[in-house]
Amino acid sequence: MEIALWQIIALTVYAFIAIYDSLETNLGLNRPIQAGFFTGLILGDVTLGLAVGATLQLMILGVGTYGGASIPDYMSGAIIGTAFGIMSGLGVEFAIGVAVPIGLFLVQLDILARFANTFFQHRADRYAEEGNFRAVERMNILGIIPWGLSRAIPVLVALAFGPEIVDTLVSVTPEWLLNGLRVAGKVLPALGIAILLRYLPSKKYSAYLLIGFVLAAFLKVSMVGVALAGLALGLLVYQRSQEKTALSSEGGVDEDE
Amino acid sequence: MRMSDTTNKITKKDLRKVFLRWFLAGQVGWNYERMQGLCYCYSMMPVLRKLYKGDDLKRAVKRHLQFFNTEPDMAHLILGANVAIEEKEGLAGEEVATAVKTGLMGPFAGVGDTIFGVIIPTVLLSIGANMALNGSSAGVWIWLIWAVIRCWLRWKFTEIGYAQGTRLVTTMSDKIQGFTEAASILGLTVIGALIPTVVTPKVPFVFQSGDVTLEVQQVLDQIMPSLIPVLLVAFIYWLLGREKMTSTKAIWILLAISIVLGGLGILGT
């Protein structure tokens with residue numbers, strides 16, 4: 001299909017807002033599932049958008065911007081990948097094949113945005129010295145611009161020049177490669193899981209990992225069911241730890257209200 | 001101490017301003033040099049303006065423009081405590097305020113990243129991604145509900161921080177350990193279930209020798225369901241533990257392996 005101008009604009013604006021949202025309001029717009037969903041909605045194939053977003057999401061479950069680290073930009077990747085998947089008619093695996101390298105490449109722009117904001121910090125120092133506090137405040141707000149552009153520009157460029165790129169990609173992508181990408185879509189979520197296991201105390205609490213696995217693989221309990229079981233187990237351990245601290249230290253501070 | 005008991009200068013409205021500023025712009029000014037420093041100063045500004053004038057104000061602004069970085073949800077506790085300290089001690093409390101800020105931002109980043117950055121997203125997005133793969137957008141709406149709860153929680157954190165003031169340092173450290181452990185257990189249980197649910201490559205390969213045909217996947221299933229996914233996760237876990245291995249490198253390696261094995265028809269879907 002051909003992509004219309006209003007669709008390009010809508011997705012570009014979405015990318016700009018999404019990165020702001022991930023920094024502040026956390027409605028989830030920067031998550032690949034949401035980005036894929038929205039792109040699918042705009043371009044008329046929600047199922048494909050959700051599938052692309054979900055696969056990308058699972059790859060980076062345990063990856064976060066801890067301490068200001070830059071991570072693959074799978075939000076923009078999901079938008080561009082989903083759009084290309086729909087435009088080319090080649091579906092989910094093609095979309096993921098496009099989205100992954102793009103997401104990895106766009107890390108560079110995240111770094112650039114964080115770097116660009118140093119400029120505003122220095123301006124703020126100067127304004128503080130001069131006693132111009134309104135301007136100090138303005139410097140913080142202006143930080144939105146490098147952030148937003150670091151997402152909006154690549155989406156705009158990819159979608160505006162997309163049709164030609166898609167045509168070329170389609171003509172050179174052989175069937176075996178599509179097969180491989182299809183497999184990659186099923187394999188890559190394992191990476192997100194492995195990253196999480198590295199981050200969490202998975203050796204200390206390996207028993208709970210096993211419980212979760214058995215519930216899903218053997219007993220076919222749904223994800224919501226497993227989460228509730230996990231919550232119950234967590235609560236048990238929490239209560240026990242609170243009892244212990246209550247015994248060792250007299251009187252805690254009331255934290256309600 | 002309750003907020004209503006205070007006869008001091010800072011009102012609930014001021015506190016709400018600080019909350020809103022951090023909620024809406026607590027990271028936009030993020031930069032490599034001082035990370036959230038600029039945003040922190042921006043958020044404290046309404047309180048600083050109210051408490052200080054002239055050169056005192058300038059001094060306070062410059063103090064708050066310094067390096068700061070923590071997990072954005074947990075930051076509300078620190079902001080709240082900081083407001084209480086500035087209100088009570090004024091400029092005499094400079095050192096205490098800085099000590100609370102810098103002392104808490106590290107531990108709060110650790111526990112905040114684990115709970116708000118890893119565990120809750122893992123649980124909610126695992127459920128959401130699973131539904132999305134089946135064509136349902138429910139995960140999108142689940143996250144929105146969480147966003148509302150989270151916003152409320154962030155306001156509560158601001159209030160708690162303000163009520164506790166300097167005591168925040170001691171009261172929180174008791175709770176944090178237990179919280180993190182419980183959250184980790186919830187996270188790991190979900191991750192255990194995630195392996196057979198979302199990692200789903202199959203082995204379509206069929207051995208043939210004379211009249212005997214052997215479907216490899218069937219044999220694997222008899223040994224244990226989801227054997228391939230388990231081995232795959234174990235392999236990547238090991239891979240990530242190797243020196244100089246990064247998750248980005250791992251993606252390229254997995255893409256290459258998938259394309260080769262998928263292209264050859266050893267792995268399929």
# chains A, B, ... in the order shown; residues from 1 in each chain; ligands from 1

$ interface_residues --of "chain B" --to "chain A" --cutoff "6 Å" --atoms "only C-alpha atoms" --output "PyMOL selection string"
chain B and resi 23-24+27-29+31-32+39+42+118+122+127+129+132-133+135+140+144+147+178+182+185-186+188-190+192-193+196+199-201+233+237+255+258-259+262-263+268

$ closest_residue --among "B:Met172, B:Met131, B:Ala99, B:Val198" --to "B:Phe157" --atoms "only C-alpha atoms"
B:Met172

$ select_by_dssp --residues "stretch 23-181 of chain B" --states "helix (DSSP H, G or I)" --output "PyMOL selection string"
chain B and resi 23-25+37-51+54-64+75-133+138-181

$ write_last_selection --atoms "C-alpha atoms" --output "compact mmCIF listing (two decimals), in the first residue's frame"
# COMPACT_ATOMS: atom_id res chain seq x y z
CA PHE B 23 6.13 14.38 37.05
CA LEU B 24 5.89 16.46 33.86
CA ALA B 25 9.50 17.54 33.38
CA GLY B 37 20.41 18.07 38.00
CA LEU B 38 18.70 20.69 35.85
CA CYS B 39 15.31 18.97 36.24
CA TYR B 40 15.73 18.72 40.00
CA CYS B 41 16.39 22.42 40.28
CA TYR B 42 13.41 23.15 38.04
CA SER B 43 11.15 21.07 40.28
CA MET B 44 12.35 22.68 43.51
CA MET B 45 12.04 26.20 42.16
CA PRO B 46 8.55 27.04 43.50
CA VAL B 47 9.66 26.13 47.02
CA LEU B 48 13.01 27.89 46.72
CA ARG B 49 11.28 31.06 45.53
CA LYS B 50 9.00 30.98 48.52
CA LEU B 51 11.70 30.37 51.11
CA GLY B 54 17.94 37.70 46.63
CA ASP B 55 21.41 36.19 47.01
CA ASP B 56 20.08 33.40 49.19
CA LEU B 57 17.84 32.32 46.35
CA LYS B 58 20.72 32.40 43.89
CA ARG B 59 22.81 30.30 46.23
CA ALA B 60 20.01 27.75 46.62
CA VAL B 61 19.36 27.56 42.88
CA LYS B 62 23.03 26.91 42.17
CA ARG B 63 23.14 24.26 44.86
CA HIS B 64 20.23 22.40 43.27
CA ALA B 75 12.80 10.71 43.20
CA HIS B 76 9.50 12.01 44.60
CA LEU B 77 10.45 10.68 48.05
CA ILE B 78 13.71 12.60 47.94
CA LEU B 79 12.03 15.76 46.65
CA GLY B 80 9.45 15.59 49.43
CA ALA B 81 12.11 15.12 52.11
CA ASN B 82 14.20 17.88 50.60
CA VAL B 83 11.26 20.32 50.70
CA ALA B 84 10.75 19.54 54.40
CA ILE B 85 14.43 20.10 55.16
CA GLU B 86 14.60 23.42 53.29
CA GLU B 87 11.45 24.55 55.05
CA LYS B 88 12.65 23.68 58.55
CA GLU B 89 16.34 24.43 58.39
CA GLY B 90 16.61 26.97 55.62
CA LEU B 91 20.12 27.81 54.49
CA ALA B 92 21.51 26.25 57.67
CA GLY B 93 20.28 22.91 56.36
CA GLU B 94 22.31 23.04 53.17
CA GLU B 95 24.58 20.21 54.13
CA VAL B 96 21.80 18.01 55.46
CA ALA B 97 19.78 18.54 52.28
CA THR B 98 22.70 17.66 50.06
CA ALA B 99 23.54 14.64 52.20
CA VAL B 100 19.98 13.32 51.97
CA LYS B 101 19.89 13.89 48.22
CA THR B 102 23.19 12.26 47.43
CA GLY B 103 22.84 9.59 50.08
CA LEU B 104 19.47 8.37 48.90
CA MET B 105 19.74 8.70 45.13
CA GLY B 106 22.00 5.65 44.79
CA PRO B 107 20.01 3.13 46.86
CA PHE B 108 16.72 4.52 45.50
CA ALA B 109 17.95 4.11 41.93
CA GLY B 110 18.75 0.48 42.70
CA VAL B 111 15.43 -0.43 44.25
CA GLY B 112 13.44 1.78 41.84
CA ASP B 113 15.05 0.27 38.76
CA THR B 114 14.33 -3.22 40.07
CA ILE B 115 10.68 -2.59 40.95
CA PHE B 116 9.51 0.13 38.53
CA GLY B 117 12.01 -0.57 35.77
CA VAL B 118 12.17 -4.35 35.69
CA ILE B 119 9.63 -6.29 37.73
CA ILE B 120 6.42 -4.39 37.03
CA PRO B 121 7.12 -3.90 33.31
CA THR B 122 8.13 -7.56 33.04
CA VAL B 123 4.91 -8.78 34.61
CA LEU B 124 2.55 -6.39 32.82
CA LEU B 125 4.29 -6.49 29.45
CA SER B 126 4.66 -10.27 29.50
CA ILE B 127 0.92 -10.49 29.88
CA GLY B 128 0.44 -7.73 27.31
CA ALA B 129 2.88 -9.14 24.74
CA ASN B 130 1.29 -12.54 25.05
CA MET B 131 -2.13 -11.08 24.35
CA ALA B 132 -0.72 -8.94 21.53
CA LEU B 133 0.75 -11.99 19.80
CA ALA B 138 -5.56 -5.58 26.04
CA GLY B 139 -1.92 -5.08 27.08
CA VAL B 140 -2.04 -1.49 25.88
CA TRP B 141 -4.99 -0.74 28.19
CA ILE B 142 -3.53 -2.68 31.14
CA TRP B 143 -0.50 -0.42 30.96
CA LEU B 144 -2.70 2.68 30.92
CA ILE B 145 -4.40 1.58 34.14
CA TRP B 146 -0.98 1.09 35.69
CA ALA B 147 0.02 4.59 34.52
CA VAL B 148 -2.85 6.09 36.52
CA ILE B 149 -1.95 4.10 39.65
CA ARG B 150 1.68 5.08 39.20
CA CYS B 151 0.81 8.77 38.99
CA TRP B 152 -1.10 8.51 42.27
CA LEU B 153 1.80 6.61 43.82
CA ARG B 154 4.24 9.32 42.80
CA TRP B 155 2.12 11.96 44.55
CA LYS B 156 1.96 9.74 47.65
CA PHE B 157 5.74 9.38 47.56
CA THR B 158 6.04 13.17 47.57
CA GLU B 159 3.76 13.38 50.60
CA ILE B 160 5.55 10.60 52.46
CA GLY B 161 8.93 12.16 51.75
CA TYR B 162 7.69 15.52 53.04
CA ALA B 163 6.19 14.03 56.20
CA GLN B 164 9.34 12.05 56.97
CA GLY B 165 11.94 14.68 56.17
CA THR B 166 15.37 13.58 57.33
CA ARG B 167 13.91 10.48 58.96
CA LEU B 168 13.27 9.12 55.47
CA VAL B 169 16.83 7.79 55.42
CA THR B 170 16.24 5.40 58.30
CA THR B 171 12.60 4.44 57.72
CA MET B 172 13.05 3.49 54.09
CA SER B 173 16.10 1.28 54.44
CA ASP B 174 14.14 -1.25 56.52
CA LYS B 175 11.39 -1.60 53.96
CA ILE B 176 13.48 -1.58 50.82
CA GLN B 177 15.18 -4.93 51.30
CA GLY B 178 11.92 -6.82 51.82
CA PHE B 179 10.20 -5.06 48.92
CA THR B 180 12.99 -5.86 46.50
CA GLU B 181 13.08 -9.52 47.47

$ atom_distance --atom1 "atom CA of B:Leu214" --atom2 "atom CA of B:Leu254"
27.3 Å

$ atom_distance --atom1 "atom CA of A:Asn30" --atom2 "atom CA of A:Ala83"
16.4 Å

$ closest_residue --among "B:Asp14, B:Asp73, B:Glu215, B:Glu243" --to "B:Gly26" --atoms "only C-alpha atoms"
B:Asp73

$ decode --residues "stretch 127-253 of chain B" --atoms "C-alpha atoms" --output "PDB file, in the first residue's frame"
ATOM      1  CA  ILE B 127       0.918 -10.495  29.878  1.00  0.00           C
ATOM      2  CA  GLY B 128       0.444  -7.730  27.311  1.00  0.00           C
ATOM      3  CA  ALA B 129       2.875  -9.141  24.745  1.00  0.00           C
ATOM      4  CA  ASN B 130       1.290 -12.539  25.045  1.00  0.00           C
ATOM      5  CA  MET B 131      -2.133 -11.085  24.348  1.00  0.00           C
ATOM      6  CA  ALA B 132      -0.723  -8.944  21.530  1.00  0.00           C
ATOM      7  CA  LEU B 133       0.755 -11.993  19.804  1.00  0.00           C
ATOM      8  CA  ASN B 134      -2.763 -13.412  19.843  1.00  0.00           C
ATOM      9  CA  GLY B 135      -4.080 -10.232  18.260  1.00  0.00           C
ATOM     10  CA  SER B 136      -5.471  -8.548  21.377  1.00  0.00           C
ATOM     11  CA  SER B 137      -4.626  -4.998  22.368  1.00  0.00           C
ATOM     12  CA  ALA B 138      -5.555  -5.584  26.044  1.00  0.00           C
ATOM     13  CA  GLY B 139      -1.925  -5.083  27.076  1.00  0.00           C
ATOM     14  CA  VAL B 140      -2.044  -1.486  25.881  1.00  0.00           C
ATOM     15  CA  TRP B 141      -4.985  -0.739  28.194  1.00  0.00           C
ATOM     16  CA  ILE B 142      -3.535  -2.678  31.143  1.00  0.00           C
ATOM     17  CA  TRP B 143      -0.499  -0.420  30.958  1.00  0.00           C
ATOM     18  CA  LEU B 144      -2.704   2.682  30.919  1.00  0.00           C
ATOM     19  CA  ILE B 145      -4.396   1.582  34.136  1.00  0.00           C
ATOM     20  CA  TRP B 146      -0.976   1.088  35.690  1.00  0.00           C
ATOM     21  CA  ALA B 147       0.024   4.587  34.522  1.00  0.00           C
ATOM     22  CA  VAL B 148      -2.854   6.087  36.522  1.00  0.00           C
ATOM     23  CA  ILE B 149      -1.950   4.099  39.647  1.00  0.00           C
ATOM     24  CA  ARG B 150       1.679   5.077  39.199  1.00  0.00           C
ATOM     25  CA  CYS B 151       0.810   8.770  38.994  1.00  0.00           C
ATOM     26  CA  TRP B 152      -1.101   8.511  42.274  1.00  0.00           C
ATOM     27  CA  LEU B 153       1.795   6.607  43.821  1.00  0.00           C
ATOM     28  CA  ARG B 154       4.236   9.322  42.801  1.00  0.00           C
ATOM     29  CA  TRP B 155       2.116  11.958  44.550  1.00  0.00           C
ATOM     30  CA  LYS B 156       1.959   9.740  47.655  1.00  0.00           C
ATOM     31  CA  PHE B 157       5.738   9.379  47.556  1.00  0.00           C
ATOM     32  CA  THR B 158       6.043  13.173  47.565  1.00  0.00           C
ATOM     33  CA  GLU B 159       3.763  13.383  50.601  1.00  0.00           C
ATOM     34  CA  ILE B 160       5.549  10.597  52.460  1.00  0.00           C
ATOM     35  CA  GLY B 161       8.926  12.160  51.749  1.00  0.00           C
ATOM     36  CA  TYR B 162       7.694  15.524  53.044  1.00  0.00           C
ATOM     37  CA  ALA B 163       6.189  14.026  56.197  1.00  0.00           C
ATOM     38  CA  GLN B 164       9.340  12.055  56.970  1.00  0.00           C
ATOM     39  CA  GLY B 165      11.936  14.684  56.169  1.00  0.00           C
ATOM     40  CA  THR B 166      15.370  13.582  57.326  1.00  0.00           C
ATOM     41  CA  ARG B 167      13.912  10.481  58.961  1.00  0.00           C
ATOM     42  CA  LEU B 168      13.272   9.119  55.471  1.00  0.00           C
ATOM     43  CA  VAL B 169      16.829   7.786  55.417  1.00  0.00           C
ATOM     44  CA  THR B 170      16.237   5.396  58.305  1.00  0.00           C
ATOM     45  CA  THR B 171      12.601   4.443  57.719  1.00  0.00           C
ATOM     46  CA  MET B 172      13.050   3.488  54.087  1.00  0.00           C
ATOM     47  CA  SER B 173      16.102   1.282  54.439  1.00  0.00           C
ATOM     48  CA  ASP B 174      14.137  -1.249  56.520  1.00  0.00           C
ATOM     49  CA  LYS B 175      11.386  -1.596  53.957  1.00  0.00           C
ATOM     50  CA  ILE B 176      13.481  -1.580  50.820  1.00  0.00           C
ATOM     51  CA  GLN B 177      15.178  -4.929  51.301  1.00  0.00           C
ATOM     52  CA  GLY B 178      11.919  -6.819  51.817  1.00  0.00           C
ATOM     53  CA  PHE B 179      10.198  -5.065  48.920  1.00  0.00           C
ATOM     54  CA  THR B 180      12.989  -5.860  46.501  1.00  0.00           C
ATOM     55  CA  GLU B 181      13.077  -9.520  47.475  1.00  0.00           C
ATOM     56  CA  ALA B 182       9.327  -9.945  47.131  1.00  0.00           C
ATOM     57  CA  ALA B 183       9.344  -8.176  43.778  1.00  0.00           C
ATOM     58  CA  SER B 184      12.197 -10.330  42.526  1.00  0.00           C
ATOM     59  CA  ILE B 185      10.251 -13.468  43.414  1.00  0.00           C
ATOM     60  CA  LEU B 186       7.199 -12.262  41.521  1.00  0.00           C
ATOM     61  CA  GLY B 187       9.394 -11.345  38.551  1.00  0.00           C
ATOM     62  CA  LEU B 188      11.202 -14.661  38.433  1.00  0.00           C
ATOM     63  CA  THR B 189       7.969 -16.675  38.654  1.00  0.00           C
ATOM     64  CA  VAL B 190       6.606 -14.792  35.632  1.00  0.00           C
ATOM     65  CA  ILE B 191       9.880 -15.180  33.741  1.00  0.00           C
ATOM     66  CA  GLY B 192       9.773 -18.928  34.344  1.00  0.00           C
ATOM     67  CA  ALA B 193       6.355 -19.004  32.686  1.00  0.00           C
ATOM     68  CA  LEU B 194       7.499 -16.698  29.910  1.00  0.00           C
ATOM     69  CA  ILE B 195      10.031 -19.186  28.578  1.00  0.00           C
ATOM     70  CA  PRO B 196       7.562 -21.805  27.291  1.00  0.00           C
ATOM     71  CA  THR B 197       5.001 -19.159  26.298  1.00  0.00           C
ATOM     72  CA  VAL B 198       6.880 -16.721  24.092  1.00  0.00           C
ATOM     73  CA  VAL B 199      10.036 -18.548  23.009  1.00  0.00           C
ATOM     74  CA  THR B 200       8.527 -20.931  20.507  1.00  0.00           C
ATOM     75  CA  PRO B 201      10.873 -22.114  17.758  1.00  0.00           C
ATOM     76  CA  LYS B 202      10.214 -25.695  16.698  1.00  0.00           C
ATOM     77  CA  VAL B 203      12.316 -28.336  14.983  1.00  0.00           C
ATOM     78  CA  PRO B 204      10.469 -29.287  11.786  1.00  0.00           C
ATOM     79  CA  PHE B 205      13.324 -31.596  10.817  1.00  0.00           C
ATOM     80  CA  VAL B 206      12.346 -35.196   9.994  1.00  0.00           C
ATOM     81  CA  PHE B 207      14.871 -38.021   9.909  1.00  0.00           C
ATOM     82  CA  GLN B 208      14.338 -40.568   7.192  1.00  0.00           C
ATOM     83  CA  SER B 209      16.215 -43.782   6.776  1.00  0.00           C
ATOM     84  CA  GLY B 210      14.492 -46.433   4.698  1.00  0.00           C
ATOM     85  CA  ASP B 211      11.012 -46.975   6.087  1.00  0.00           C
ATOM     86  CA  VAL B 212      11.823 -45.312   9.380  1.00  0.00           C
ATOM     87  CA  THR B 213      10.802 -41.699   9.818  1.00  0.00           C
ATOM     88  CA  LEU B 214      11.519 -39.826  12.977  1.00  0.00           C
ATOM     89  CA  GLU B 215       9.958 -36.484  13.786  1.00  0.00           C
ATOM     90  CA  VAL B 216      12.526 -34.739  15.943  1.00  0.00           C
ATOM     91  CA  GLN B 217      10.073 -32.347  17.608  1.00  0.00           C
ATOM     92  CA  GLN B 218       7.926 -35.252  18.793  1.00  0.00           C
ATOM     93  CA  VAL B 219      10.913 -36.900  20.463  1.00  0.00           C
ATOM     94  CA  LEU B 220      11.895 -33.635  22.112  1.00  0.00           C
ATOM     95  CA  ASP B 221       8.363 -33.129  23.421  1.00  0.00           C
ATOM     96  CA  GLN B 222       8.437 -36.560  25.022  1.00  0.00           C
ATOM     97  CA  ILE B 223      11.558 -35.682  26.956  1.00  0.00           C
ATOM     98  CA  MET B 224      10.094 -32.397  28.214  1.00  0.00           C
ATOM     99  CA  PRO B 225       7.797 -29.711  26.883  1.00  0.00           C
ATOM    100  CA  SER B 226       9.606 -26.593  25.708  1.00  0.00           C
ATOM    101  CA  LEU B 227      13.015 -28.246  25.795  1.00  0.00           C
ATOM    102  CA  ILE B 228      14.371 -26.108  22.932  1.00  0.00           C
ATOM    103  CA  PRO B 229      13.286 -22.809  24.542  1.00  0.00           C
ATOM    104  CA  VAL B 230      14.905 -23.789  27.849  1.00  0.00           C
ATOM    105  CA  LEU B 231      18.173 -24.716  26.146  1.00  0.00           C
ATOM    106  CA  LEU B 232      18.055 -21.514  24.141  1.00  0.00           C
ATOM    107  CA  VAL B 233      17.598 -19.310  27.204  1.00  0.00           C
ATOM    108  CA  ALA B 234      20.377 -21.212  29.002  1.00  0.00           C
ATOM    109  CA  PHE B 235      22.683 -20.721  26.024  1.00  0.00           C
ATOM    110  CA  ILE B 236      22.037 -16.956  25.847  1.00  0.00           C
ATOM    111  CA  TYR B 237      22.369 -16.628  29.638  1.00  0.00           C
ATOM    112  CA  TRP B 238      25.779 -18.235  29.330  1.00  0.00           C
ATOM    113  CA  LEU B 239      26.622 -16.081  26.324  1.00  0.00           C
ATOM    114  CA  LEU B 240      25.798 -12.865  28.181  1.00  0.00           C
ATOM    115  CA  GLY B 241      28.109 -13.898  31.008  1.00  0.00           C
ATOM    116  CA  ARG B 242      31.102 -14.010  28.706  1.00  0.00           C
ATOM    117  CA  GLU B 243      33.613 -11.205  28.785  1.00  0.00           C
ATOM    118  CA  LYS B 244      33.053  -8.338  26.360  1.00  0.00           C
ATOM    119  CA  MET B 245      29.622  -9.688  25.437  1.00  0.00           C
ATOM    120  CA  THR B 246      26.904  -7.042  25.195  1.00  0.00           C
ATOM    121  CA  SER B 247      23.201  -7.500  24.574  1.00  0.00           C
ATOM    122  CA  THR B 248      23.589  -5.733  21.228  1.00  0.00           C
ATOM    123  CA  LYS B 249      26.260  -8.190  20.108  1.00  0.00           C
ATOM    124  CA  ALA B 250      24.039 -10.999  21.320  1.00  0.00           C
ATOM    125  CA  ILE B 251      21.197  -9.768  19.089  1.00  0.00           C
ATOM    126  CA  TRP B 252      23.411  -9.952  16.008  1.00  0.00           C
ATOM    127  CA  ILE B 253      24.624 -13.435  16.965  1.00  0.00           C
TER     128      ILE B 253
END
